[in-house]
Amino acid sequence: MAFIARAEPILPSHTKTFILITVDESKTPLVIVACGSFSPITYLHLRMFEMAKDNIVERGEYEILAGYYSPVSDHYKKEGLAPAHHRRRMCELAVSSTSDWLMVDAWESLQKDYQRTAVVLDHFDLELNGDEGGVRLKNGERKNIKIMLLAGGDLIASFGHPGVWSPLDLHHILDKYGCIIIERTGTDVYGFLLSHDIVYSHRKNVIVIKQLIHNDISSTKIRQV
Ligand SMILES: Nc1ncnc2c1ncn2[C@@H]1O[C@H](COP(=O)(O)OP(=O)(O)OP(=O)(O)O)[C@@H](O)[C@H]1O
Ligand SMILES: NC(=O)c1ccc[n+]([C@@H]2O[C@H](COP(=O)(O)O)[C@@H](O)[C@H]2O)c1
């Protein structure tokens, strides 16, 4: 067993604190990040982390340290979104009453410009692994924390929409970090994986999770009620 080296909050802006977390040294420490609007956060946004956790635990390769919501800022020009501070607060309230491993990172929501997902993941990497971060092992060595993007099939399918994601960003996200994809009604994730050259070339760093019982709740539907 080993311990996370820091006793202060793992990222400065969180609602919860990591205090010495035990780590199974035989596994790769993993933090999962979901980027999105969360306007509002839904049960599926909570469920997707639990689905990811069940899958990861079963694989036995990683030890999950935490999951983070990173709500997009007000500069993401998507129509109908609530202000970022409300969306962030809704996420904070949702995790505080339902989870002991999910947290909300405010950094992205507070930025003065829109931040691409690749940049958001780099921010997590810097905070978690930079400056002597990561996990400290019993022998004194440190181990980097792996960071993976958690997303629904629709977001991954948007990788193929012209002009939405830069190929360089996709290589960066899929090579350096990796993706955990939750199937979503209306998107053929496996078909997309096979047909998209960049995603296919990084398929070893992509985990697809089947939604055994499909639930197509969406923030849009809730906004329209
Ligand atoms: N029902 C769902 N099944 C699978 N993934 C989902 C589902 N709802 C949301 N997600 C995923 O959650 C992440 C953040 O979601 P986002 O805030 O865009 O929610 P959304 O419900 O898709 O929102 P909107 O309706 O505003 O587009 C995305 O990766 C999205 O694919
Ligand atoms: N080029 C990019 O980095 C890029 C493109 C499209 C969406 N995204 C992200 O995907 C998420 C999409 O959220 P919505 O499904 O609510 O639009 C947001 O976090 C957004 O920042 C990133």
# chains A, B, ... in the order shown; residues from 1 in each chain; ligands from 1
call {"tool": "residues_around", "arguments": {"residues": "region 186-199 of chain A", "least_positions_apart": "6", "cutoff": "9 Å", "atoms": "only C-alpha atoms", "output": "NGL selection string"}}
result
:A and (153-154 or 156-157 or 159-160 or 167 or 170-171 or 174 or 206 or 208)
call {"tool": "write_last_selection", "arguments": {"atoms": "all heavy atoms", "output": "PDB file, in the first residue's frame"}}
result
ATOM      1  N   GLY A 153     -21.612   8.411 -25.726  1.00  0.00           N
ATOM      2  CA  GLY A 153     -21.354   8.101 -27.129  1.00  0.00           C
ATOM      3  C   GLY A 153     -21.584   9.281 -28.057  1.00  0.00           C
ATOM      4  O   GLY A 153     -20.890   9.430 -29.068  1.00  0.00           O
ATOM      5  N   ASP A 154     -22.519  10.157 -27.709  1.00  0.00           N
ATOM      6  CA  ASP A 154     -22.801  11.312 -28.571  1.00  0.00           C
ATOM      7  C   ASP A 154     -21.608  12.259 -28.628  1.00  0.00           C
ATOM      8  O   ASP A 154     -21.267  12.805 -29.679  1.00  0.00           O
ATOM      9  CB  ASP A 154     -24.052  12.068 -28.092  1.00  0.00           C
ATOM     10  CG  ASP A 154     -23.898  12.567 -26.660  1.00  0.00           C
ATOM     11  OD1 ASP A 154     -23.471  11.777 -25.793  1.00  0.00           O
ATOM     12  OD2 ASP A 154     -24.195  13.751 -26.414  1.00  0.00           O
ATOM     13  N   ILE A 156     -18.491  11.427 -28.174  1.00  0.00           N
ATOM     14  CA  ILE A 156     -17.428  10.785 -28.950  1.00  0.00           C
ATOM     15  C   ILE A 156     -17.753  10.856 -30.445  1.00  0.00           C
ATOM     16  O   ILE A 156     -16.878  11.113 -31.266  1.00  0.00           O
ATOM     17  CB  ILE A 156     -17.249   9.312 -28.487  1.00  0.00           C
ATOM     18  CG1 ILE A 156     -16.886   9.282 -26.996  1.00  0.00           C
ATOM     19  CG2 ILE A 156     -16.188   8.591 -29.317  1.00  0.00           C
ATOM     20  CD1 ILE A 156     -15.677  10.099 -26.583  1.00  0.00           C
ATOM     21  N   ALA A 157     -19.045  10.686 -30.782  1.00  0.00           N
ATOM     22  CA  ALA A 157     -19.414  10.780 -32.202  1.00  0.00           C
ATOM     23  C   ALA A 157     -19.118  12.175 -32.743  1.00  0.00           C
ATOM     24  O   ALA A 157     -18.816  12.337 -33.929  1.00  0.00           O
ATOM     25  CB  ALA A 157     -20.889  10.436 -32.374  1.00  0.00           C
ATOM     26  N   PHE A 159     -16.551  13.743 -32.336  1.00  0.00           N
ATOM     27  CA  PHE A 159     -15.148  13.757 -32.787  1.00  0.00           C
ATOM     28  C   PHE A 159     -15.108  13.740 -34.318  1.00  0.00           C
ATOM     29  O   PHE A 159     -14.164  14.220 -34.921  1.00  0.00           O
ATOM     30  CB  PHE A 159     -14.386  12.511 -32.291  1.00  0.00           C
ATOM     31  CG  PHE A 159     -14.032  12.507 -30.819  1.00  0.00           C
ATOM     32  CD1 PHE A 159     -14.401  13.538 -29.970  1.00  0.00           C
ATOM     33  CD2 PHE A 159     -13.299  11.452 -30.285  1.00  0.00           C
ATOM     34  CE1 PHE A 159     -14.059  13.512 -28.622  1.00  0.00           C
ATOM     35  CE2 PHE A 159     -12.948  11.421 -28.951  1.00  0.00           C
ATOM     36  CZ  PHE A 159     -13.330  12.445 -28.114  1.00  0.00           C
ATOM     37  N   GLY A 160     -16.140  13.140 -34.920  1.00  0.00           N
ATOM     38  CA  GLY A 160     -16.162  13.013 -36.379  1.00  0.00           C
ATOM     39  C   GLY A 160     -16.838  14.172 -37.083  1.00  0.00           C
ATOM     40  O   GLY A 160     -16.900  14.199 -38.306  1.00  0.00           O
ATOM     41  N   PRO A 167      -7.697  17.528 -35.064  1.00  0.00           N
ATOM     42  CA  PRO A 167      -7.040  16.207 -35.042  1.00  0.00           C
ATOM     43  C   PRO A 167      -5.914  16.145 -34.010  1.00  0.00           C
ATOM     44  O   PRO A 167      -5.741  15.136 -33.333  1.00  0.00           O
ATOM     45  CB  PRO A 167      -6.497  16.065 -36.468  1.00  0.00           C
ATOM     46  CG  PRO A 167      -7.395  16.945 -37.298  1.00  0.00           C
ATOM     47  CD  PRO A 167      -7.790  18.097 -36.420  1.00  0.00           C
ATOM     48  N   LEU A 170      -7.403  15.534 -30.685  1.00  0.00           N
ATOM     49  CA  LEU A 170      -7.903  14.158 -30.545  1.00  0.00           C
ATOM     50  C   LEU A 170      -6.750  13.199 -30.270  1.00  0.00           C
ATOM     51  O   LEU A 170      -6.843  12.332 -29.398  1.00  0.00           O
ATOM     52  CB  LEU A 170      -8.676  13.739 -31.801  1.00  0.00           C
ATOM     53  CG  LEU A 170     -10.021  14.437 -32.006  1.00  0.00           C
ATOM     54  CD1 LEU A 170     -10.731  13.891 -33.233  1.00  0.00           C
ATOM     55  CD2 LEU A 170     -10.920  14.286 -30.775  1.00  0.00           C
ATOM     56  N   HIS A 171      -5.635  13.372 -31.015  1.00  0.00           N
ATOM     57  CA  HIS A 171      -4.473  12.514 -30.743  1.00  0.00           C
ATOM     58  C   HIS A 171      -4.007  12.711 -29.308  1.00  0.00           C
ATOM     59  O   HIS A 171      -3.698  11.753 -28.605  1.00  0.00           O
ATOM     60  CB  HIS A 171      -3.325  12.852 -31.711  1.00  0.00           C
ATOM     61  CG  HIS A 171      -3.486  12.198 -33.055  1.00  0.00           C
ATOM     62  ND1 HIS A 171      -3.455  10.830 -33.223  1.00  0.00           N
ATOM     63  CD2 HIS A 171      -3.681  12.728 -34.288  1.00  0.00           C
ATOM     64  CE1 HIS A 171      -3.617  10.537 -34.507  1.00  0.00           C
ATOM     65  NE2 HIS A 171      -3.760  11.667 -35.173  1.00  0.00           N
ATOM     66  N   LEU A 174      -6.559  11.137 -26.821  1.00  0.00           N
ATOM     67  CA  LEU A 174      -6.667   9.676 -26.873  1.00  0.00           C
ATOM     68  C   LEU A 174      -5.343   8.981 -26.584  1.00  0.00           C
ATOM     69  O   LEU A 174      -5.319   7.856 -26.097  1.00  0.00           O
ATOM     70  CB  LEU A 174      -7.193   9.250 -28.249  1.00  0.00           C
ATOM     71  CG  LEU A 174      -8.653   9.655 -28.487  1.00  0.00           C
ATOM     72  CD1 LEU A 174      -8.980   9.627 -29.973  1.00  0.00           C
ATOM     73  CD2 LEU A 174      -9.593   8.736 -27.717  1.00  0.00           C
ATOM     74  N   VAL A 206      -9.086   3.191 -25.221  1.00  0.00           N
ATOM     75  CA  VAL A 206     -10.522   3.525 -25.221  1.00  0.00           C
ATOM     76  C   VAL A 206     -11.294   2.370 -24.597  1.00  0.00           C
ATOM     77  O   VAL A 206     -11.093   1.215 -24.975  1.00  0.00           O
ATOM     78  CB  VAL A 206     -11.017   3.769 -26.666  1.00  0.00           C
ATOM     79  CG1 VAL A 206     -12.530   3.929 -26.701  1.00  0.00           C
ATOM     80  CG2 VAL A 206     -10.346   4.998 -27.276  1.00  0.00           C
ATOM     81  N   VAL A 208     -15.150   1.062 -23.932  1.00  0.00           N
ATOM     82  CA  VAL A 208     -16.566   1.313 -24.237  1.00  0.00           C
ATOM     83  C   VAL A 208     -17.421   0.527 -23.246  1.00  0.00           C
ATOM     84  O   VAL A 208     -17.190  -0.666 -23.018  1.00  0.00           O
ATOM     85  CB  VAL A 208     -16.917   0.884 -25.678  1.00  0.00           C
ATOM     86  CG1 VAL A 208     -18.387   1.182 -25.973  1.00  0.00           C
ATOM     87  CG2 VAL A 208     -16.024   1.603 -26.688  1.00  0.00           C
TER      88      VAL A 208
END
call {"tool": "residues_near_ligand", "arguments": {"ligand": "ligand 2", "cutoff": "7 Å", "atoms": "only C-alpha atoms and all ligand atoms", "output": "list of chain:residue names"}}
result
A:Cys35, A:Gly36, A:Ser37, A:Phe38, A:Pro71, A:Val72, A:Tyr76, A:Lys78, A:Gln115, A:Arg116, A:Thr117, A:Ala118, A:Leu155, A:Ser158, A:Val164, A:Trp165, A:Ser166
call {"tool": "residues_around", "arguments": {"residues": "Phe124 (chain A)", "least_positions_apart": "5", "cutoff": "12 Å", "atoms": "only C-alpha atoms", "output": "PyMOL selection string"}}
result
chain A and resi 10-14+30-35+66-70+104-108+117-119+129-130+133-134+144-149+177
call {"tool": "closest_atom_pairs", "arguments": {"of": "chain A", "to": "ligand 1", "cutoff": "8 Å", "atoms": "only C-alpha atoms and all ligand atoms", "output": "tab-separated table"}}
result
residue	atom	partner	partner_atom_place_in_ligand_line	distance
A:Ala34	CA	ligand 1	13 (C)	6.2
A:Cys35	CA	ligand 1	14 (C)	5.9
A:Gly36	CA	ligand 1	14 (C)	3.9
A:Ser37	CA	ligand 1	17 (O)	3.7
A:Phe38	CA	ligand 1	17 (O)	3.7
A:Ser39	CA	ligand 1	26 (O)	6.1
A:Pro40	CA	ligand 1	17 (O)	7.4
A:Ile41	CA	ligand 1	17 (O)	6.8
A:Thr42	CA	ligand 1	21 (O)	7.2
A:Leu44	CA	ligand 1	1 (N)	5.4
A:His45	CA	ligand 1	12 (O)	5.4
A:Met48	CA	ligand 1	5 (N)	6.7
A:Pro71	CA	ligand 1	17 (O)	7.8
A:Leu81	CA	ligand 1	26 (O)	7.5
A:Leu150	CA	ligand 1	29 (O)	6.5
A:Ala151	CA	ligand 1	29 (O)	3.3
A:Gly152	CA	ligand 1	31 (O)	3.0
A:Gly153	CA	ligand 1	31 (O)	5.6
A:Asp154	CA	ligand 1	31 (O)	5.0
A:Leu155	CA	ligand 1	31 (O)	4.7
A:Ile156	CA	ligand 1	31 (O)	7.5
A:Ile181	CA	ligand 1	29 (O)	7.9
A:Ile182	CA	ligand 1	4 (C)	5.3
A:Glu183	CA	ligand 1	4 (C)	5.7
A:Arg184	CA	ligand 1	4 (C)	4.4
A:Thr185	CA	ligand 1	3 (N)	7.0
A:Gln211	CA	ligand 1	3 (N)	7.9
A:His214	CA	ligand 1	3 (N)	7.6
A:Asn215	CA	ligand 1	1 (N)	5.4
A:Asp216	CA	ligand 1	1 (N)	4.0
A:Ile217	CA	ligand 1	1 (N)	4.6
A:Ser218	CA	ligand 1	21 (O)	3.3
A:Ser219	CA	ligand 1	21 (O)	3.8
A:Thr220	CA	ligand 1	25 (O)	3.6
A:Lys221	CA	ligand 1	25 (O)	6.4
call {"tool": "residues_around", "arguments": {"residues": "Ile56 (chain A)", "least_positions_apart": "6", "cutoff": "10 Å", "atoms": "only C-alpha atoms", "output": "list in words"}}
result
Leu30, Glu50, Tyr62, Glu63, Ile64, Ile180, Ile207 and Ile209 of chain A
call {"tool": "atom_distance", "arguments": {"atom1": "CA of Lys27 (chain A)", "atom2": "CA of Glu92 (chain A)"}}
result
28.8 Å
call {"tool": "residues_around", "arguments": {"residues": "Asp113 (chain A)", "least_positions_apart": "2", "cutoff": "8 Å", "atoms": "only C-alpha atoms", "output": "list in words"}}
result
Ser73, His75, Gln111 and Gln115 of chain A
call {"tool": "atom_distance", "arguments": {"atom1": "CA of Met103 (chain A)", "atom2": "CA of Met51 (chain A)"}}
result
16.3 Å
call {"tool": "closest_residue", "arguments": {"among": "A:Gly178, A:Pro83, A:Gly60, A:Gly140", "to": "His202 (chain A)", "atoms": "only C-alpha atoms"}}
result
A:Gly178
call {"tool": "atom_distance", "arguments": {"atom1": "CA of Leu168 (chain A)", "atom2": "CA of Asn205 (chain A)"}}
result
16.2 Å
call {"tool": "select_by_dssp", "arguments": {"residues": "region 12-166 of chain A", "states": "helix (DSSP H, G or I)", "output": "PyMOL selection string"}}
result
chain A and resi 43-59+84-98+107-110+117-129+153-160
call {"tool": "select_by_dssp", "arguments": {"residues": "region 34-67 of chain A", "states": "strand (DSSP E or B)", "output": "VMD selection string"}}
result
chain A and resid 34 to 36 62 to 67
call {"tool": "closest_residue", "arguments": {"among": "A:Ile173, A:Ala94, A:Gly80, A:Arg142", "to": "Arg223 (chain A)", "atoms": "only C-alpha atoms"}}
result
A:Gly80
